file protein.cif (mmCIF, C-alpha atoms (C1' of nucleotides))
data_start
#
loop_
_atom_site.label_atom_id
_atom_site.label_comp_id
_atom_site.auth_asym_id
_atom_site.auth_seq_id
_atom_site.Cartn_x
_atom_site.Cartn_y
_atom_site.Cartn_z
CA MET P 1 0.00 0.00 0.00
CA LYS P 2 1.32 3.41 -1.00
CA ILE P 3 0.20 6.43 1.05
CA ALA P 4 1.26 10.00 0.24
CA THR P 5 0.98 13.49 1.67
CA PHE P 6 1.02 16.57 -0.56
CA ASN P 7 0.44 20.24 0.28
CA ILE P 8 -0.89 21.34 -3.09
CA ASN P 9 -1.29 25.08 -2.36
CA GLY P 10 -4.69 25.49 -3.99
CA ILE P 11 -6.61 22.75 -5.81
CA LYS P 12 -7.93 25.06 -8.54
CA ALA P 13 -4.46 26.22 -9.49
CA ARG P 14 -2.96 22.76 -9.06
CA LEU P 15 -5.44 20.34 -10.60
CA ASN P 16 -3.32 19.55 -13.65
CA ALA P 17 -0.13 19.18 -11.62
CA LEU P 18 -1.94 16.97 -9.12
CA CYS P 19 -3.43 14.71 -11.81
CA ASP P 20 -0.07 14.36 -13.57
CA TRP P 21 1.50 13.32 -10.28
CA LEU P 22 -1.33 10.87 -9.45
CA ASP P 23 -0.95 9.26 -12.87
CA GLU P 24 2.75 8.77 -12.44
CA ALA P 25 3.09 8.08 -8.69
CA GLN P 26 -0.08 5.95 -8.41
CA PRO P 27 -0.61 6.30 -4.66
CA ASP P 28 -3.39 4.18 -3.21
CA VAL P 29 -4.17 6.99 -0.79
CA ALA P 30 -3.22 10.68 -0.92
CA LEU P 31 -3.70 13.18 1.90
CA LEU P 32 -3.88 16.74 0.57
CA GLN P 33 -3.38 20.02 2.41
CA GLU P 34 -4.17 23.61 1.52
CA ILE P 35 -6.91 22.76 -0.95
CA LYS P 36 -8.11 26.38 -0.41
CA SER P 37 -11.59 25.42 -1.52
CA VAL P 38 -15.02 24.81 -0.11
CA ASP P 39 -16.22 21.21 -0.45
CA GLU P 40 -18.76 22.04 -3.19
CA ALA P 41 -16.14 23.68 -5.40
CA PHE P 42 -13.56 20.90 -5.18
CA PRO P 43 -12.98 19.50 -8.72
CA ARG P 44 -13.62 15.90 -7.80
CA ASP P 45 -14.51 14.59 -11.27
CA ALA P 46 -10.98 14.54 -12.65
CA ILE P 47 -9.80 12.67 -9.56
CA GLU P 48 -12.71 10.24 -9.44
CA ASP P 49 -12.06 9.45 -13.12
CA ARG P 50 -8.70 8.11 -11.93
CA GLY P 51 -10.32 5.63 -9.58
CA TYR P 52 -10.21 7.61 -6.35
CA THR P 53 -13.01 8.41 -3.96
CA VAL P 54 -12.69 11.98 -2.71
CA HIS P 55 -13.38 13.17 0.84
CA THR P 56 -12.81 16.85 1.60
CA HIS P 57 -12.80 19.03 4.67
CA GLY P 58 -12.77 22.41 2.98
CA GLN P 59 -12.91 26.08 3.85
CA LYS P 60 -13.21 29.24 1.78
CA SER P 61 -9.89 30.67 0.56
CA PHE P 62 -7.57 29.13 3.13
CA ASN P 63 -6.50 25.82 4.64
CA GLY P 64 -8.59 22.77 3.76
CA VAL P 65 -7.60 19.10 3.68
CA ALA P 66 -8.72 16.05 1.70
CA ILE P 67 -8.31 12.29 1.37
CA LEU P 68 -8.17 10.61 -2.04
CA SER P 69 -8.36 6.82 -1.90
CA LYS P 70 -8.53 3.89 -4.30
CA LEU P 71 -9.23 1.60 -1.33
CA PRO P 72 -12.41 1.60 0.76
CA LEU P 73 -12.44 3.99 3.72
CA GLU P 74 -14.23 3.70 7.05
CA ASN P 75 -14.57 5.92 10.13
CA ILE P 76 -14.08 9.16 8.19
CA SER P 77 -13.83 12.08 10.60
CA ARG P 78 -13.24 15.81 10.07
CA GLY P 79 -11.67 18.30 12.47
CA LEU P 80 -9.07 17.85 15.20
CA PRO P 81 -10.86 17.10 18.49
CA GLY P 82 -10.47 19.34 21.51
CA ASP P 83 -11.91 22.73 20.49
CA GLU P 84 -15.45 22.95 19.15
CA SER P 85 -14.95 26.66 18.39
CA ASP P 86 -12.04 26.02 15.97
CA GLU P 87 -13.34 26.75 12.46
CA GLN P 88 -10.09 26.18 10.56
CA ALA P 89 -10.13 23.06 8.35
CA ARG P 90 -6.82 21.37 9.12
CA TRP P 91 -7.55 17.74 10.00
CA ILE P 92 -9.20 14.71 8.38
CA GLU P 93 -8.83 11.06 9.32
CA ALA P 94 -10.09 7.68 8.11
CA THR P 95 -9.34 3.98 8.22
CA VAL P 96 -8.02 2.55 4.94
CA MET P 97 -9.38 -0.96 4.40
CA GLY P 98 -6.55 -2.72 2.59
CA GLU P 99 -5.22 -6.20 3.29
CA GLN P 100 -4.55 -4.73 6.69
CA ALA P 101 -6.49 -1.75 8.06
CA ILE P 102 -4.37 1.41 8.38
CA HIS P 103 -5.68 4.50 10.13
CA VAL P 104 -4.51 7.71 8.44
CA CYS P 105 -4.70 11.25 9.83
CA GLY P 106 -4.06 14.08 7.37
CA LEU P 107 -3.04 17.35 8.97
CA TYR P 108 -2.19 20.92 8.08
CA LEU P 109 -0.54 22.30 11.19
CA PRO P 110 -0.82 26.09 11.64
CA ASN P 111 2.08 28.19 10.38
CA GLY P 112 2.14 30.35 13.53
CA ASN P 113 3.89 33.46 12.24
CA PRO P 114 4.46 36.10 13.37
CA THR P 115 5.98 35.27 16.74
CA PRO P 116 5.05 36.14 19.32
CA GLY P 117 1.35 36.74 18.79
CA PRO P 118 -2.09 35.16 18.57
CA LYS P 119 -1.22 33.05 15.53
CA TYR P 120 1.69 31.50 17.37
CA ASP P 121 -0.51 30.91 20.41
CA TYR P 122 -2.99 29.15 18.12
CA LYS P 123 -0.23 26.96 16.68
CA LEU P 124 0.94 25.83 20.11
CA ALA P 125 -2.63 25.26 21.32
CA TRP P 126 -3.33 23.21 18.18
CA MET P 127 -0.24 21.12 18.90
CA GLU P 128 -1.54 20.42 22.41
CA ARG P 129 -4.70 19.01 20.85
CA LEU P 130 -2.57 17.05 18.38
CA TYR P 131 -0.65 15.58 21.32
CA THR P 132 -3.88 14.31 22.86
CA ARG P 133 -5.02 12.70 19.59
CA ALA P 134 -1.54 11.21 19.11
CA GLN P 135 -1.61 9.78 22.62
CA ASN P 136 -4.87 8.00 21.83
CA LEU P 137 -3.49 6.54 18.59
CA ILE P 138 -0.55 5.07 20.52
CA ARG P 139 -2.86 3.76 23.24
CA ASP P 140 -5.09 2.04 20.70
CA GLU P 141 -2.09 -0.01 19.50
CA ILE P 142 -3.36 0.08 15.92
CA PRO P 143 -1.34 0.69 12.74
CA ALA P 144 -1.82 4.44 12.32
CA MET P 145 -0.02 7.39 10.85
CA MET P 146 -0.26 11.16 11.10
CA LEU P 147 1.00 12.74 7.91
CA GLY P 148 0.96 16.16 6.39
CA ASP P 149 2.39 19.66 6.51
CA TYR P 150 3.60 20.00 10.10
CA ASN P 151 5.08 23.48 9.57
CA ILE P 152 7.92 22.35 11.86
CA ILE P 153 11.62 22.32 11.06
CA GLN P 154 12.81 19.65 13.48
CA LYS P 155 16.58 20.13 13.22
CA ARG P 156 19.15 22.52 11.81
CA GLU P 157 19.96 19.95 9.13
CA ASP P 158 16.38 20.25 7.88
CA ALA P 159 16.99 23.77 6.56
CA ALA P 160 19.54 24.92 4.00
CA THR P 161 19.97 28.17 5.94
CA PRO P 162 18.91 27.39 9.52
CA ASP P 163 20.10 30.71 10.93
CA ALA P 164 17.53 32.48 8.76
CA TRP P 165 14.75 30.58 10.57
CA MET P 166 15.83 31.17 14.18
CA THR P 167 12.94 33.47 15.14
CA ASP P 168 10.42 31.85 12.79
CA ALA P 169 7.41 29.94 14.13
CA LEU P 170 8.54 26.88 12.16
CA PHE P 171 11.82 26.65 14.05
CA ARG P 172 11.17 28.32 17.41
CA PRO P 173 12.14 26.21 20.44
CA GLU P 174 8.53 25.95 21.65
CA SER P 175 7.40 24.55 18.28
CA ARG P 176 10.21 22.01 18.17
CA ALA P 177 9.65 21.01 21.80
CA ALA P 178 5.95 20.40 21.12
CA PHE P 179 6.86 18.24 18.13
CA GLN P 180 9.47 16.35 20.12
CA LYS P 181 6.93 15.71 22.86
CA ILE P 182 4.68 14.01 20.30
CA MET P 183 7.55 11.99 18.85
CA ALA P 184 8.45 10.83 22.37
CA LEU P 185 5.09 9.07 22.64
CA GLY P 186 6.66 6.43 20.41
CA PHE P 187 6.20 7.60 16.83
CA THR P 188 8.58 6.73 14.02
CA ASP P 189 9.47 9.37 11.45
CA ALA P 190 9.21 7.33 8.25
CA LEU P 191 11.78 9.29 6.25
CA ARG P 192 14.43 9.11 8.98
CA ALA P 193 13.74 5.42 9.52
CA VAL P 194 14.35 4.65 5.86
CA ASP P 195 17.09 7.19 5.08
CA PRO P 196 18.62 8.67 8.26
CA HIS P 197 21.69 10.31 6.78
CA THR P 198 20.63 12.05 3.56
CA ARG P 199 19.48 15.68 3.71
CA HIS P 200 15.96 16.08 2.33
CA PHE P 201 13.70 19.08 1.80
CA SER P 202 9.97 19.13 1.04
CA PHE P 203 9.40 22.89 0.57
CA TRP P 204 11.14 25.58 -1.43
CA ASP P 205 9.85 29.15 -1.36
CA TYR P 206 8.69 30.72 -4.63
CA GLN P 207 10.83 33.77 -3.88
CA GLU P 208 14.45 34.61 -4.54
CA GLY P 209 15.05 31.53 -6.65
CA ALA P 210 14.94 29.29 -3.58
CA TRP P 211 14.36 26.17 -5.68
CA GLN P 212 17.22 26.94 -8.06
CA ARG P 213 19.54 27.53 -5.07
CA ASP P 214 18.18 24.46 -3.23
CA ASP P 215 17.31 26.75 -0.32
CA GLY P 216 14.65 24.44 1.11
CA ILE P 217 13.25 23.12 4.36
CA LEU P 218 11.80 19.78 5.46
CA ILE P 219 8.39 20.36 7.03
CA ASP P 220 6.19 17.61 5.58
CA HIS P 221 6.45 14.54 7.78
CA ILE P 222 4.97 11.05 8.13
CA LEU P 223 4.74 9.86 11.74
CA MET P 224 3.84 6.24 12.39
CA THR P 225 2.71 4.32 15.47
CA PRO P 226 4.86 1.26 16.34
CA ALA P 227 2.31 -1.14 14.79
CA CYS P 228 2.48 0.91 11.57
CA ALA P 229 6.26 1.28 11.60
CA ASP P 230 6.51 -2.53 11.63
CA LEU P 231 4.94 -2.48 8.15
CA LEU P 232 7.20 0.22 6.66
CA LEU P 233 8.90 -0.76 3.39
CA ASP P 234 9.95 2.58 1.88
CA CYS P 235 9.65 6.35 2.19
CA GLN P 236 10.56 8.88 -0.48
CA ILE P 237 10.09 12.48 -1.56
CA ASP P 238 8.98 13.23 -5.12
CA LYS P 239 11.34 16.20 -5.36
CA HIS P 240 11.41 16.32 -9.16
CA ILE P 241 7.91 17.69 -9.54
CA ARG P 242 8.98 21.01 -7.95
CA ASP P 243 10.67 21.71 -11.29
CA ARG P 244 7.47 21.50 -13.36
CA GLU P 245 5.08 24.13 -14.69
CA LYS P 246 3.04 25.92 -12.02
CA PRO P 247 4.27 23.74 -9.15
CA SER P 248 3.18 23.82 -5.54
CA ASP P 249 5.88 25.14 -3.22
CA HIS P 250 5.72 21.73 -1.47
CA VAL P 251 6.41 18.30 -2.97
CA PRO P 252 4.81 14.94 -2.06
CA VAL P 253 6.22 12.59 0.56
CA TRP P 254 5.08 8.96 0.49
CA VAL P 255 5.47 5.61 2.21
CA LYS P 256 5.03 2.05 1.04
CA LEU P 257 3.66 -0.36 3.62
CA ASN P 258 3.52 -4.12 3.74
CA ALA P 259 -0.25 -3.95 4.07
"C1'" DA Z 1 13.75 46.31 2.70
"C1'" DT Z 2 6.67 49.26 2.77
"C1'" DG Z 3 10.40 43.76 -0.97
"C1'" DA Z 4 10.62 39.40 -3.54
"C1'" DC Z 5 6.45 35.04 -5.17
"C1'" DA Z 6 2.03 32.84 -5.47
"C1'" DA Z 7 -3.09 31.89 -4.51
"C1'" DT Z 8 -7.55 33.63 -3.15
"C1'" DC Z 9 -11.48 36.62 -3.47
"C1'" DA Z 10 -12.92 39.91 -6.15
"C1'" DG Z 11 -12.84 42.49 -9.81
"C1'" DA Z 12 -7.94 46.37 -6.71
"C1'" DG Z 13 -5.26 45.29 -3.53
"C1'" DA Z 14 -5.28 43.18 1.08
"C1'" DT Z 15 -4.45 38.76 3.33
"C1'" DT Z 16 -2.06 34.60 3.99
"C1'" DG Z 17 1.54 31.66 3.57
"C1'" DA Z 18 6.67 29.77 5.27
#
call {"tool": "encode", "arguments": {"input": "protein.cif", "output": "structure tokens"}}
result
Amino acid sequence: MKIATFNINGIKARLNALCDWLDEAQPDVALLQEIKSVDEAFPRDAIEDRGYTVHTHGQKSFNGVAILSKLPLENISRGLPGDESDEQARWIEATVMGEQAIHVCGLYLPNGNPTPGPKYDYKLAWMERLYTRAQNLIRDEIPAMMLGDYNIIQKREDAATPDAWMTDALFRPESRAAFQKIMALGFTDALRAVDPHTRHFSFWDYQEGAWQRDDGILIDHILMTPACADLLLDCQIDKHIRDREKPSDHVPVWVKLNA
DNA sequence: ATGACAATCAGAGATTGA
């Protein structure tokens, strides 16, 4: 089973790029972030024509997440638990019914800039709620993963120019500590498990020729519970599609599971 | 550096992103 995460930065602007990637990468399941669309406006036909069912959790203009799946899904749920007043669409989860059931949680973690300020407070509060959901996934002892745009640079090696990020919400100590606290529950970072020594990026800014200078950061992560990590066969980043026409500023990250 | 670059909504330019 191949499961991918991809921050597409707007489904309307990215439909062709997304379909080209689906045709070539052939994921069984794809978790999308930043669809920037309400559910009714999501262009599902082109994706359904490719054999996927489409489940969205959209919002006007900003945020928005989705699950595309060729396999049957159960227990589809929208919104990160813990704050009924939160109206930002950043979380969708479902159980993928393959040979072995895998629970997938697609997330778009708040950016949090500028720091300090209310947006950073929201990021940290959101990560507290994420911790609680993560704790439950570990407790359930099921094969599960949380994958998406974490908006967290974990380590200096995950940025081409780490000093430029020192005061940024993506790299602030509080953000990294909150991420580390979740990891310490027992999650495996799929990319590091498969390829611990190579430097990888998943985002390159549109500005200042960041892509051409390889001035990137790694912020899209796939975190797996122990029962899921036992099934891990491969994890890769489809870096090459950043070089195409009208690309997203992120590229897909995917895992293959023995499931 | 009141920036760059891109997407959205709207129908210009502010807002958001990372």
call {"tool": "resolve_selection", "arguments": {"input": "protein.cif", "expression": "the PyMOL selection byres ((chain P) within 9 of (chain Z))", "output": "short mmCIF file (atom, residue, chain, number, x, y, z; two decimals) with C-alpha atoms, keeping the file's coordinate frame"}}
result
data_model
loop_
_atom_site.label_atom_id
_atom_site.label_comp_id
_atom_site.auth_asym_id
_atom_site.auth_seq_id
_atom_site.Cartn_x
_atom_site.Cartn_y
_atom_site.Cartn_z
CA ASN P 9 -1.29 25.08 -2.36
CA GLY P 10 -4.69 25.49 -3.99
CA ALA P 13 -4.46 26.22 -9.49
CA LYS P 36 -8.11 26.38 -0.41
CA LYS P 60 -13.21 29.24 1.78
CA SER P 61 -9.89 30.67 0.56
CA PHE P 62 -7.57 29.13 3.13
CA ASN P 111 2.08 28.19 10.38
CA ASN P 113 3.89 33.46 12.24
CA ASN P 151 5.08 23.48 9.57
CA ASP P 168 10.42 31.85 12.79
CA ALA P 169 7.41 29.94 14.13
CA LEU P 170 8.54 26.88 12.16
CA PHE P 203 9.40 22.89 0.57
CA ASP P 205 9.85 29.15 -1.36
CA TYR P 206 8.69 30.72 -4.63
CA GLN P 207 10.83 33.77 -3.88
CA GLU P 208 14.45 34.61 -4.54
CA ASP P 249 5.88 25.14 -3.22
#
call {"tool": "resolve_selection", "arguments": {"input": "protein.cif", "expression": "the PyMOL selection byres ((chain P and resi 127) around 9)", "output": "list in words"}}
result
Leu109, Pro110, Tyr122, Lys123, Leu124, Ala125, Trp126, Glu128, Arg129, Leu130, Tyr131, Thr132, Ser175, Ala178, Phe179 and Ile182 of chain P
call {"tool": "resolve_selection", "arguments": {"input": "protein.cif", "expression": "the PyMOL selection byres ((chain P and resi 133) around 12)", "output": "list in words"}}
result
Gly79, Leu80, Pro81, Gly82, Trp91, Glu93, Cys105, Leu107, Trp126, Met127, Glu128, Arg129, Leu130, Tyr131, Thr132, Ala134, Gln135, Asn136, Leu137, Ile138, Arg139, Asp140, Ala144, Met145, Met146, Ile182 and Leu185 of chain P
call {"tool": "atom_distance", "arguments": {"input": "protein.cif", "atom1": "atom CA of P:Ile67", "atom2": "atom CA of P:Cys19"}}
result
14.3 Å
call {"tool": "residues_around", "arguments": {"input": "protein.cif", "residues": "P:Ala160", "least_positions_apart": "5", "cutoff": "8 Å", "atoms": "all atoms listed in the file", "output": "PyMOL selection string"}}
result
chain P and resi 214-217
call {"tool": "write_last_selection", "arguments": {"input": "protein.cif", "atoms": "C-alpha atoms", "output": "tab-separated table (two decimals), in the coordinates of the input"}}
result
chain	number	residue	atom	x	y	z
P	214	ASP	CA	18.18	24.46	-3.23
P	215	ASP	CA	17.31	26.75	-0.32
P	216	GLY	CA	14.65	24.44	1.11
P	217	ILE	CA	13.25	23.12	4.36
call {"tool": "atom_distance", "arguments": {"input": "protein.cif", "atom1": "atom CA of P:Phe171", "atom2": "atom CA of P:Ile153"}}
result
5.3 Å
call {"tool": "residues_around", "arguments": {"input": "protein.cif", "residues": "P:Asn63", "least_positions_apart": "2", "cutoff": "7 Å", "atoms": "all atoms listed in the file", "output": "VMD selection string"}}
result
chain P and resid 33 to 36 59 65 88 to 90
call {"tool": "residues_near_point", "arguments": {"input": "protein.cif", "point": "(0.4, 6.3, 12.6)", "cutoff": "7 Å", "atoms": "all atoms listed in the file", "output": "JSON, numbers by chain"}}
result
{"P": [103, 104, 143, 144, 145, 146, 223, 224, 225, 228]}
call {"tool": "atom_distance", "arguments": {"input": "protein.cif", "atom1": "atom CA of P:Met166", "atom2": "atom CA of P:Ile8"}}
result
26.0 Å
call {"tool": "residues_around", "arguments": {"input": "protein.cif", "residues": "stretch 94-100 of chain P", "least_positions_apart": "6", "cutoff": "7 Å", "atoms": "all atoms listed in the file", "output": "list in words"}}
result
Leu71, Pro72, Leu73, Glu74, Asn75, Ile76, Ser77 and Ala259 of chain P
call {"tool": "axis_aligned_box", "arguments": {"input": "protein.cif", "around": "stretch 97-108 of chain P", "padding_each_side": "4 Å", "output": "AutoDock Vina command-line options"}}
result
--center_x -5.8 --center_y 7.4 --center_z 6.4 --size_x 15.2 --size_y 35.1 --size_z 15.5
call {"tool": "residues_around", "arguments": {"input": "protein.cif", "residues": "stretch 236-244 of chain P", "least_positions_apart": "5", "cutoff": "8 Å", "atoms": "all atoms listed in the file", "output": "ChimeraX atom specification"}}
result
/P:21,191,200,202,211,249-255
call {"tool": "write_last_selection", "arguments": {"input": "protein.cif", "atoms": "C-alpha atoms", "output": "tab-separated table (two decimals), in the coordinates of the input"}}
result
chain	number	residue	atom	x	y	z
P	21	TRP	CA	1.50	13.32	-10.28
P	191	LEU	CA	11.78	9.29	6.25
P	200	HIS	CA	15.96	16.08	2.33
P	202	SER	CA	9.97	19.13	1.04
P	211	TRP	CA	14.36	26.17	-5.68
P	249	ASP	CA	5.88	25.14	-3.22
P	250	HIS	CA	5.72	21.73	-1.47
P	251	VAL	CA	6.41	18.30	-2.97
P	252	PRO	CA	4.81	14.94	-2.06
P	253	VAL	CA	6.22	12.59	0.56
P	254	TRP	CA	5.08	8.96	0.49
P	255	VAL	CA	5.47	5.61	2.21
call {"tool": "residues_around", "arguments": {"input": "protein.cif", "residues": "P:Ala66", "least_positions_apart": "2", "cutoff": "7 Å", "atoms": "all atoms listed in the file", "output": "number ranges by chain"}}
result
P: 31-33, 55-57, 68, 92
call {"tool": "decode", "arguments": {"input": "protein.cif", "residues": "chain Z", "atoms": "C-alpha atoms (C1' of nucleotides)", "output": "PDB file, in the first residue's frame"}}
result
ATOM      1  C1'  DA Z   1      13.755  46.309   2.697  1.00  0.00           C
ATOM      2  C1'  DT Z   2       6.665  49.256   2.773  1.00  0.00           C
ATOM      3  C1'  DG Z   3      10.396  43.761  -0.972  1.00  0.00           C
ATOM      4  C1'  DA Z   4      10.618  39.398  -3.542  1.00  0.00           C
ATOM      5  C1'  DC Z   5       6.451  35.041  -5.170  1.00  0.00           C
ATOM      6  C1'  DA Z   6       2.029  32.842  -5.468  1.00  0.00           C
ATOM      7  C1'  DA Z   7      -3.088  31.888  -4.508  1.00  0.00           C
ATOM      8  C1'  DT Z   8      -7.550  33.627  -3.152  1.00  0.00           C
ATOM      9  C1'  DC Z   9     -11.479  36.622  -3.470  1.00  0.00           C
ATOM     10  C1'  DA Z  10     -12.921  39.905  -6.152  1.00  0.00           C
ATOM     11  C1'  DG Z  11     -12.838  42.492  -9.813  1.00  0.00           C
ATOM     12  C1'  DA Z  12      -7.938  46.368  -6.714  1.00  0.00           C
ATOM     13  C1'  DG Z  13      -5.264  45.287  -3.533  1.00  0.00           C
ATOM     14  C1'  DA Z  14      -5.280  43.183   1.079  1.00  0.00           C
ATOM     15  C1'  DT Z  15      -4.454  38.762   3.333  1.00  0.00           C
ATOM     16  C1'  DT Z  16      -2.063  34.603   3.987  1.00  0.00           C
ATOM     17  C1'  DG Z  17       1.542  31.662   3.569  1.00  0.00           C
ATOM     18  C1'  DA Z  18       6.675  29.768   5.275  1.00  0.00           C
TER      19       DA Z  18
END
